[in-house]
Structure formats: C-alpha cells, structure tokens
$ cat final.cif   # mmCIF, C-alpha atoms
data_upload
loop_
_atom_site.label_atom_id
_atom_site.label_comp_id
_atom_site.auth_asym_id
_atom_site.auth_seq_id
_atom_site.Cartn_x
_atom_site.Cartn_y
_atom_site.Cartn_z
CA MET A 1 72.10 -86.31 -28.85
CA ALA A 2 70.79 -87.78 -25.62
CA GLY A 3 70.04 -84.29 -24.34
CA GLN A 4 68.03 -83.47 -27.46
CA ASN A 5 65.99 -86.67 -27.20
CA CYS A 6 63.91 -85.16 -24.39
CA LEU A 7 62.41 -82.76 -26.95
CA VAL A 8 61.63 -85.64 -29.28
CA THR A 9 60.13 -87.77 -26.52
CA ASN A 10 58.30 -84.73 -25.09
CA ASP A 11 59.54 -85.13 -21.51
CA TRP A 12 58.30 -82.94 -18.71
CA ILE A 13 61.83 -82.05 -17.63
CA CYS A 14 64.11 -81.18 -20.54
CA GLY A 15 67.44 -79.40 -20.21
CA GLU A 16 67.67 -78.89 -23.95
CA TYR A 17 64.45 -76.91 -23.88
CA LEU A 18 65.87 -74.58 -21.22
CA ARG A 19 69.05 -74.07 -23.24
CA SER A 20 67.42 -73.57 -26.63
CA ARG A 21 64.54 -71.37 -25.41
CA SER A 22 66.33 -69.36 -22.72
CA GLN A 23 65.78 -66.01 -24.47
CA GLU A 24 62.11 -66.74 -25.05
CA LEU A 25 61.70 -67.65 -21.38
CA ALA A 26 63.52 -64.50 -20.28
CA ASP A 27 61.38 -62.26 -22.50
CA ALA A 28 58.15 -63.84 -21.25
CA THR A 29 59.27 -63.52 -17.63
CA VAL A 30 60.17 -59.84 -18.05
CA GLN A 31 56.79 -59.14 -19.66
CA HIS A 32 55.04 -61.02 -16.84
CA ILE A 33 56.87 -59.01 -14.17
CA TRP A 34 56.22 -55.72 -15.97
CA ILE A 35 52.48 -56.30 -16.39
CA THR A 36 52.14 -57.49 -12.78
CA ALA A 37 54.08 -54.57 -11.28
CA VAL A 38 52.28 -51.89 -13.31
CA SER A 39 48.86 -53.41 -12.56
CA VAL A 40 49.47 -53.60 -8.81
CA LEU A 41 50.90 -50.08 -8.59
CA ILE A 42 47.99 -48.58 -10.52
CA GLY A 43 45.57 -50.67 -8.48
CA LEU A 44 47.09 -49.30 -5.27
CA ALA A 45 46.88 -45.73 -6.60
CA VAL A 46 43.17 -46.23 -7.38
CA ALA A 47 42.31 -48.21 -4.23
CA PHE A 48 43.80 -45.73 -1.77
CA PRO A 49 41.49 -42.78 -2.55
CA LEU A 50 38.52 -45.17 -2.79
CA ALA A 51 39.30 -46.46 0.72
CA LEU A 52 39.64 -42.90 2.03
CA LEU A 53 36.32 -41.98 0.41
CA ALA A 54 34.61 -45.00 1.96
CA ARG A 55 36.02 -44.17 5.38
CA ARG A 56 35.08 -40.49 5.23
CA SER A 57 31.50 -41.18 4.08
CA PRO A 58 30.13 -44.31 5.80
CA ARG A 59 27.10 -44.30 3.49
CA LEU A 60 29.50 -44.92 0.58
CA THR A 61 31.31 -47.83 2.24
CA GLY A 62 28.75 -50.40 1.14
CA PRO A 63 28.56 -49.23 -2.50
CA VAL A 64 32.36 -48.98 -2.85
CA LEU A 65 32.99 -52.43 -1.39
CA GLY A 66 30.05 -53.87 -3.30
CA LEU A 67 31.25 -52.46 -6.62
CA THR A 68 34.80 -53.77 -6.19
CA THR A 69 33.43 -57.18 -5.21
CA VAL A 70 31.18 -57.29 -8.29
CA LEU A 71 34.15 -56.42 -10.50
CA TYR A 72 36.13 -59.29 -8.98
CA THR A 73 33.36 -61.78 -9.79
CA ILE A 74 33.31 -60.96 -13.52
CA PRO A 75 34.97 -63.81 -15.48
CA SER A 76 38.23 -62.76 -17.12
CA LEU A 77 36.99 -63.49 -20.65
CA ALA A 78 33.92 -61.32 -20.08
CA MET A 79 36.04 -58.58 -18.49
CA PHE A 80 38.43 -58.43 -21.44
CA SER A 81 35.52 -58.49 -23.88
CA LEU A 82 33.94 -55.50 -22.14
CA LEU A 83 37.23 -53.58 -22.17
CA LEU A 84 38.23 -54.54 -25.72
CA PRO A 85 36.37 -51.66 -27.49
CA PHE A 86 38.23 -49.13 -25.33
CA PHE A 87 41.77 -50.53 -25.39
CA GLY A 88 41.98 -52.92 -28.33
CA LEU A 89 44.37 -55.88 -28.28
CA SER A 90 47.01 -54.18 -26.15
CA ALA A 91 48.81 -54.48 -22.86
CA ALA A 92 46.55 -51.69 -21.56
CA LEU A 93 43.59 -54.06 -21.92
CA VAL A 94 45.22 -56.67 -19.69
CA ILE A 95 46.53 -54.13 -17.17
CA THR A 96 43.14 -52.44 -16.81
CA GLY A 97 41.45 -55.78 -16.17
CA LEU A 98 44.06 -56.72 -13.57
CA VAL A 99 43.72 -53.33 -11.86
CA LEU A 100 39.96 -53.82 -11.55
CA TYR A 101 40.46 -57.30 -10.11
CA SER A 102 42.95 -56.03 -7.51
CA LEU A 103 40.63 -53.36 -6.12
CA THR A 104 38.48 -55.61 -3.96
CA ILE A 105 41.54 -56.89 -2.04
CA LEU A 106 43.35 -53.56 -1.77
CA VAL A 107 40.36 -51.38 -0.84
CA ARG A 108 39.20 -53.78 1.87
CA ASN A 109 42.64 -54.10 3.46
CA ILE A 110 43.41 -50.38 3.36
CA LEU A 111 40.02 -49.62 4.89
CA ALA A 112 40.44 -52.32 7.55
CA GLY A 113 43.90 -51.03 8.44
CA LEU A 114 42.71 -47.44 8.83
CA GLU A 115 39.69 -48.46 10.89
CA ALA A 116 41.92 -50.52 13.21
CA VAL A 117 43.99 -47.47 14.23
CA PRO A 118 43.34 -46.91 17.97
CA GLN A 119 41.14 -43.91 18.66
CA GLU A 120 43.52 -42.90 21.46
CA ALA A 121 46.30 -42.45 18.90
CA ARG A 122 44.10 -40.15 16.84
CA GLU A 123 43.03 -38.11 19.87
CA ALA A 124 46.63 -37.76 21.03
CA ALA A 125 47.73 -36.54 17.59
CA ARG A 126 44.87 -34.04 17.41
CA GLY A 127 45.81 -32.81 20.85
CA MET A 128 49.31 -32.12 19.52
CA GLY A 129 47.86 -29.97 16.75
CA TYR A 130 47.88 -32.49 13.89
CA GLY A 131 45.55 -31.60 11.04
CA PRO A 132 43.67 -34.23 8.98
CA ALA A 133 46.40 -34.63 6.33
CA ARG A 134 49.25 -34.85 8.82
CA LEU A 135 47.23 -37.20 11.00
CA LEU A 136 46.69 -39.50 8.03
CA TRP A 137 50.29 -39.58 6.78
CA GLU A 138 52.18 -39.52 10.07
CA VAL A 139 49.90 -41.48 12.40
CA GLU A 140 47.17 -43.49 10.70
CA LEU A 141 49.05 -44.82 7.67
CA PRO A 142 52.07 -46.07 9.65
CA LEU A 143 49.76 -47.90 12.06
CA ALA A 144 47.70 -49.28 9.15
CA LEU A 145 50.76 -50.52 7.26
CA PRO A 146 50.59 -54.18 8.41
CA ALA A 147 47.04 -54.57 7.03
CA LEU A 148 47.88 -52.53 3.92
CA MET A 149 50.97 -54.61 3.17
CA ALA A 150 49.05 -57.83 3.77
CA GLY A 151 46.53 -56.76 1.15
CA LEU A 152 49.30 -55.72 -1.22
CA ARG A 153 50.95 -59.12 -0.89
CA ILE A 154 47.70 -60.97 -1.60
CA ALA A 155 46.90 -58.70 -4.55
CA THR A 156 50.38 -59.15 -6.01
CA VAL A 157 50.35 -62.94 -5.78
CA SER A 158 46.84 -62.99 -7.24
CA THR A 159 47.91 -60.71 -10.09
CA VAL A 160 50.91 -62.91 -10.92
CA ALA A 161 48.47 -65.77 -11.48
CA LEU A 162 45.85 -63.70 -13.32
CA THR A 163 48.43 -62.19 -15.68
CA THR A 164 48.58 -65.52 -17.51
CA VAL A 165 44.98 -64.96 -18.66
CA GLY A 166 46.29 -62.09 -20.78
CA SER A 167 47.58 -64.72 -23.19
CA ILE A 168 44.17 -64.62 -24.90
CA VAL A 169 45.26 -61.27 -26.37
CA GLY A 170 48.95 -62.13 -26.60
CA ARG A 171 49.92 -60.13 -23.49
CA GLY A 172 50.11 -62.83 -20.85
CA GLY A 173 53.82 -63.10 -20.17
CA LEU A 174 54.49 -66.70 -19.19
CA GLY A 175 50.85 -67.45 -19.97
CA ASN A 176 51.68 -66.99 -23.66
CA LEU A 177 54.09 -69.91 -23.45
CA ILE A 178 51.52 -72.08 -21.68
CA GLU A 179 48.83 -71.31 -24.27
CA ASP A 180 51.23 -71.91 -27.18
CA ALA A 181 52.23 -75.27 -25.73
CA LEU A 182 48.74 -76.62 -25.05
CA PRO A 183 47.65 -77.54 -28.62
CA SER A 184 50.61 -79.90 -29.00
CA PHE A 185 50.87 -80.50 -25.24
CA PHE A 186 54.53 -79.49 -25.17
CA LYS A 187 55.21 -80.75 -21.65
CA ALA A 188 58.55 -79.06 -20.99
CA GLN A 189 57.18 -75.65 -21.96
CA VAL A 190 54.00 -76.04 -19.90
CA LEU A 191 55.93 -77.17 -16.82
CA THR A 192 58.69 -74.57 -17.10
CA ALA A 193 56.31 -71.64 -17.58
CA SER A 194 54.10 -72.86 -14.73
CA VAL A 195 57.04 -73.27 -12.35
CA LEU A 196 58.33 -69.81 -13.25
CA CYS A 197 54.90 -68.35 -12.43
CA VAL A 198 54.98 -69.99 -9.02
CA LEU A 199 58.54 -68.79 -8.40
CA LEU A 200 57.58 -65.23 -9.37
CA ALA A 201 54.65 -65.29 -6.94
CA VAL A 202 56.82 -66.63 -4.10
CA ALA A 203 59.61 -64.13 -4.84
CA ALA A 204 57.17 -61.21 -4.95
CA ASP A 205 55.57 -62.27 -1.68
CA LEU A 206 58.94 -62.61 0.07
CA LEU A 207 60.10 -59.26 -1.30
CA LEU A 208 56.98 -57.49 -0.03
CA LEU A 209 57.28 -59.27 3.31
CA GLY A 210 60.82 -57.93 3.61
CA VAL A 211 59.60 -54.42 2.76
CA GLN A 212 56.86 -54.77 5.37
CA ARG A 213 59.36 -55.77 8.05
CA LEU A 214 61.56 -52.80 7.18
CA LEU A 215 58.64 -50.37 7.31
CA THR A 216 57.14 -51.75 10.52
CA PRO A 217 60.04 -52.44 12.91
CA TRP A 218 57.76 -51.96 15.92
CA THR A 219 55.91 -55.17 15.08
CA ARG A 220 59.13 -57.17 15.51
CA ILE A 221 59.84 -55.43 18.82
CA ARG A 222 56.32 -56.23 20.03
CA THR A 223 56.71 -59.87 18.97
CA ARG A 224 60.04 -60.22 20.80
CA ALA A 225 58.57 -58.55 23.88
CA ALA A 226 55.63 -60.97 23.85
CA ALA A 227 57.98 -63.93 23.47
CA ALA A 228 60.09 -62.72 26.39
CA ALA A 229 57.09 -62.23 28.68
CA PRO A 230 57.09 -64.45 31.83
CA GLY A 231 54.00 -66.34 30.75
CA ALA A 232 55.30 -67.02 27.22
CA ARG A 233 56.45 -70.52 26.31
#
$ encode --input "final.cif" --output "structure tokens"
Amino acid sequence: MAGQNCLVTNDWICGEYLRSRSQELADATVQHIWITAVSVLIGLAVAFPLALLARRSPRLTGPVLGLTTVLYTIPSLAMFSLLLPFFGLSAALVITGLVLYSLTILVRNILAGLEAVPQEAREAARGMGYGPARLLWEVELPLALPALMAGLRIATVSTVALTTVGSIVGRGGLGNLIEDALPSFFKAQVLTASVLCVLLAVAADLLLLGVQRLLTPWTRIRTRAAAAAPGAR
C-alpha cells in the first residue's frame, strides 16, 4: 500500500510507476531508439554525397552549407507542418524531419574531415597509382574518420533529444510519455521518460566513441607517443 501511495501523492520518484508501466516504458524506449537510429543512418547516407559534391565543386560549398543551415533553423512545428502533406501522420514524417535537421552537422564535419587530410598523403597515394575512388576509400576517409565520427556523435545525441518532438504526431518515443503526462503533470512519468532520454543519449555517445576508437587505433598510438615524449608532463 505504501508503495502505491506514491502514485496517489504524485511523487517524482515512484517505484510503483516503474513496476506497473514497465511495458509501456520499454515500448516507448524501443520506438525512440528505432526512430533515432533510422534518422541518423539516412542522414549520414544523404550527407556523405552532399559533402563530396561540395568538396568537388567549391562554388557549391556555400549553397550546400547554407541550405543545410537554413533547414536546421526551421522550427520543428513548422518543419512537420511543411512535411505533413507528403507523409501524413506517420513515422516517416518524423524521420524525414530529423534527417533534415542532422544534415547541417554531418555535412560540415564530413567536409571538414576530408579537407583536413594532408596533401602529402594524397600525393603519395596518387604516386602509387591510386585512382579517385580508391584514394577516397583507402586514404581520405580513414584519415577523416575522427572528424566524421565527431559529427556523427553530435548528430546522434541531438537526434535523441529532437525525437521527443515527434510526440505531436504520436511518433515521439519517450516524448509521447512526456506529452501524455503534462496535462495532469504526472511527475513520475515526466521524470522517468526524461531520464531515459538522457541515458539513451549518453549510451549512444559512448557506443559511438567506442566505435571511433576501434576504427582509429592510430589516434591512441599518437596520444601515447605524445604523452611519452621527453617534454610531456
């Protein structure tokens, strides 16, 4: 009885809420993860060719970066309203909006990573007979990975937060729980859903950081070498 009283008294921390709504929380979390993952992956698939286009044609760099920046400044309610006639009240509506929001971060970081590749590395690869495609995949992309992964981490964390806005069309994952709880100010539900959002963002960031370390072992070697240098403290 004492455990159930926290629902009656509307406490922020309520074990009975976690026990009685565990399935609802799990379903909302799975939807949140699914929408976030699909949005980021599609965003990466769209941003990569845009970054390559901007790098190949310098006159297009400004328009591409400007367009992605403009898209990022559109308020979420306006964005969903503009996309509504095309996708209706569906998950595709939310995912498309999140993809558009992710482009400004992903395009800029991919482009910055590619432009930071040392010219000597490119010249050496060309001297070994590397063509444009092989140069990109075997030399430039590996060296650009730190910047690319940094952008991917930022875009993923940002998307975890923005996914909650999808609750306005019933496709917001944990945001649905927050919106449902606000009219009655159901404290336990608001707090639990909010904490889960934060935990998802932290977990996604740590996961991508681990992937980055696995894909770029030379950065750890360089860091250890710098730490071991005579002048290092």
$ resolve_selection --input "final.cif" --expression "the PyMOL selection byres ((chain A and resi 97) around 9)" --output "list in words"
Ser39, Ser76, Met79, Phe80, Leu83, Ala92, Leu93, Val94, Ile95, Thr96, Leu98, Val99, Leu100, Tyr101 and Ser102 of chain A
$ resolve_selection --input "final.cif" --expression "the PyMOL selection byres ((chain A and resi 215) around 12)" --output "PyMOL selection string"
chain A and resi 141-146+148-149+208-214+216-220
$ closest_residue --input "final.cif" --among "A:Leu18, A:Ile35, A:Val169, A:Ile154" --to "A:Leu84" --atoms "only C-alpha atoms"
A:Val169
$ atom_distance --input "final.cif" --atom1 "atom CA of A:Val40" --atom2 "atom CA of A:Arg56"
24.0 Å
$ resolve_selection --input "final.cif" --expression "the PyMOL selection byres ((chain A and resi 7-9) around 12)" --output "NGL selection string"
:A and (1-6 or 10-21 or 185-189)
$ write_last_selection --input "final.cif" --atoms "C-alpha atoms" --output "PDB file, in the frame of the given file"
ATOM      1  CA  MET A   1      72.100 -86.310 -28.850  1.00  0.00           C
ATOM      2  CA  ALA A   2      70.790 -87.780 -25.620  1.00  0.00           C
ATOM      3  CA  GLY A   3      70.040 -84.290 -24.340  1.00  0.00           C
ATOM      4  CA  GLN A   4      68.030 -83.470 -27.460  1.00  0.00           C
ATOM      5  CA  ASN A   5      65.990 -86.670 -27.200  1.00  0.00           C
ATOM      6  CA  CYS A   6      63.910 -85.160 -24.390  1.00  0.00           C
ATOM      7  CA  ASN A  10      58.300 -84.730 -25.090  1.00  0.00           C
ATOM      8  CA  ASP A  11      59.540 -85.130 -21.510  1.00  0.00           C
ATOM      9  CA  TRP A  12      58.300 -82.940 -18.710  1.00  0.00           C
ATOM     10  CA  ILE A  13      61.830 -82.050 -17.630  1.00  0.00           C
ATOM     11  CA  CYS A  14      64.110 -81.180 -20.540  1.00  0.00           C
ATOM     12  CA  GLY A  15      67.440 -79.400 -20.210  1.00  0.00           C
ATOM     13  CA  GLU A  16      67.670 -78.890 -23.950  1.00  0.00           C
ATOM     14  CA  TYR A  17      64.450 -76.910 -23.880  1.00  0.00           C
ATOM     15  CA  LEU A  18      65.870 -74.580 -21.220  1.00  0.00           C
ATOM     16  CA  ARG A  19      69.050 -74.070 -23.240  1.00  0.00           C
ATOM     17  CA  SER A  20      67.420 -73.570 -26.630  1.00  0.00           C
ATOM     18  CA  ARG A  21      64.540 -71.370 -25.410  1.00  0.00           C
ATOM     19  CA  PHE A 185      50.870 -80.500 -25.240  1.00  0.00           C
ATOM     20  CA  PHE A 186      54.530 -79.490 -25.170  1.00  0.00           C
ATOM     21  CA  LYS A 187      55.210 -80.750 -21.650  1.00  0.00           C
ATOM     22  CA  ALA A 188      58.550 -79.060 -20.990  1.00  0.00           C
ATOM     23  CA  GLN A 189      57.180 -75.650 -21.960  1.00  0.00           C
TER      24      GLN A 189
END
$ closest_residue --input "final.cif" --among "A:Ala91, A:Leu191, A:Ala37, A:Val70" --to "A:Ser167" --atoms "all atoms listed in the file"
A:Ala91
$ atom_distance --input "final.cif" --atom1 "atom CA of A:Pro183" --atom2 "atom CA of A:Thr164"
16.4 Å
$ closest_residue --input "final.cif" --among "A:Asn176, A:Ser90, A:Ser184, A:Thr73" --to "A:Thr29" --atoms "all atoms listed in the file"
A:Asn176
$ residues_around --input "final.cif" --residues "A:Glu115" --least-positions-apart "4" --cutoff "10 Å" --atoms "all atoms listed in the file" --output "compact mmCIF listing (two decimals) with C-alpha atoms, in the coordinates of the input"
# COMPACT_ATOMS: atom_id res chain seq x y z
CA ARG A 55 36.02 -44.17 5.38
CA ASN A 109 42.64 -54.10 3.46
CA ILE A 110 43.41 -50.38 3.36
CA LEU A 111 40.02 -49.62 4.89
CA GLN A 119 41.14 -43.91 18.66
CA GLU A 140 47.17 -43.49 10.70
CA ALA A 144 47.70 -49.28 9.15
$ atom_distance --input "final.cif" --atom1 "atom CA of A:Asp205" --atom2 "atom CA of A:Ala147"
14.4 Å
$ closest_atom_pairs --input "final.cif" --of "stretch 91-157 of chain A" --to "stretch 43-48 of chain A" --cutoff "6 Å" --atoms "all atoms listed in the file" --output "Markdown table"
| residue | atom | partner | partner_atom | distance |
| --- | --- | --- | --- | --- |
| A:Val99 | CA | A:Gly43 | CA | 4.7 |
| A:Leu103 | CA | A:Ala47 | CA | 5.7 |
| A:Leu106 | CA | A:Ala47 | CA | 6.0 |
| A:Val107 | CA | A:Ala47 | CA | 5.0 |
$ closest_residue --input "final.cif" --among "A:Val117, A:Ala54, A:Leu60, A:Val157" --to "A:Ala204" --atoms "all atoms listed in the file"
A:Val157
$ closest_residue --input "final.cif" --among "A:Arg122, A:Arg108, A:Arg59, A:His32" --to "A:Val139" --atoms "all atoms listed in the file"
A:Arg122
$ closest_residue --input "final.cif" --among "A:Val195, A:Leu135, A:Thr159, A:Gly166" --to "A:Leu41" --atoms "all atoms listed in the file"
A:Thr159
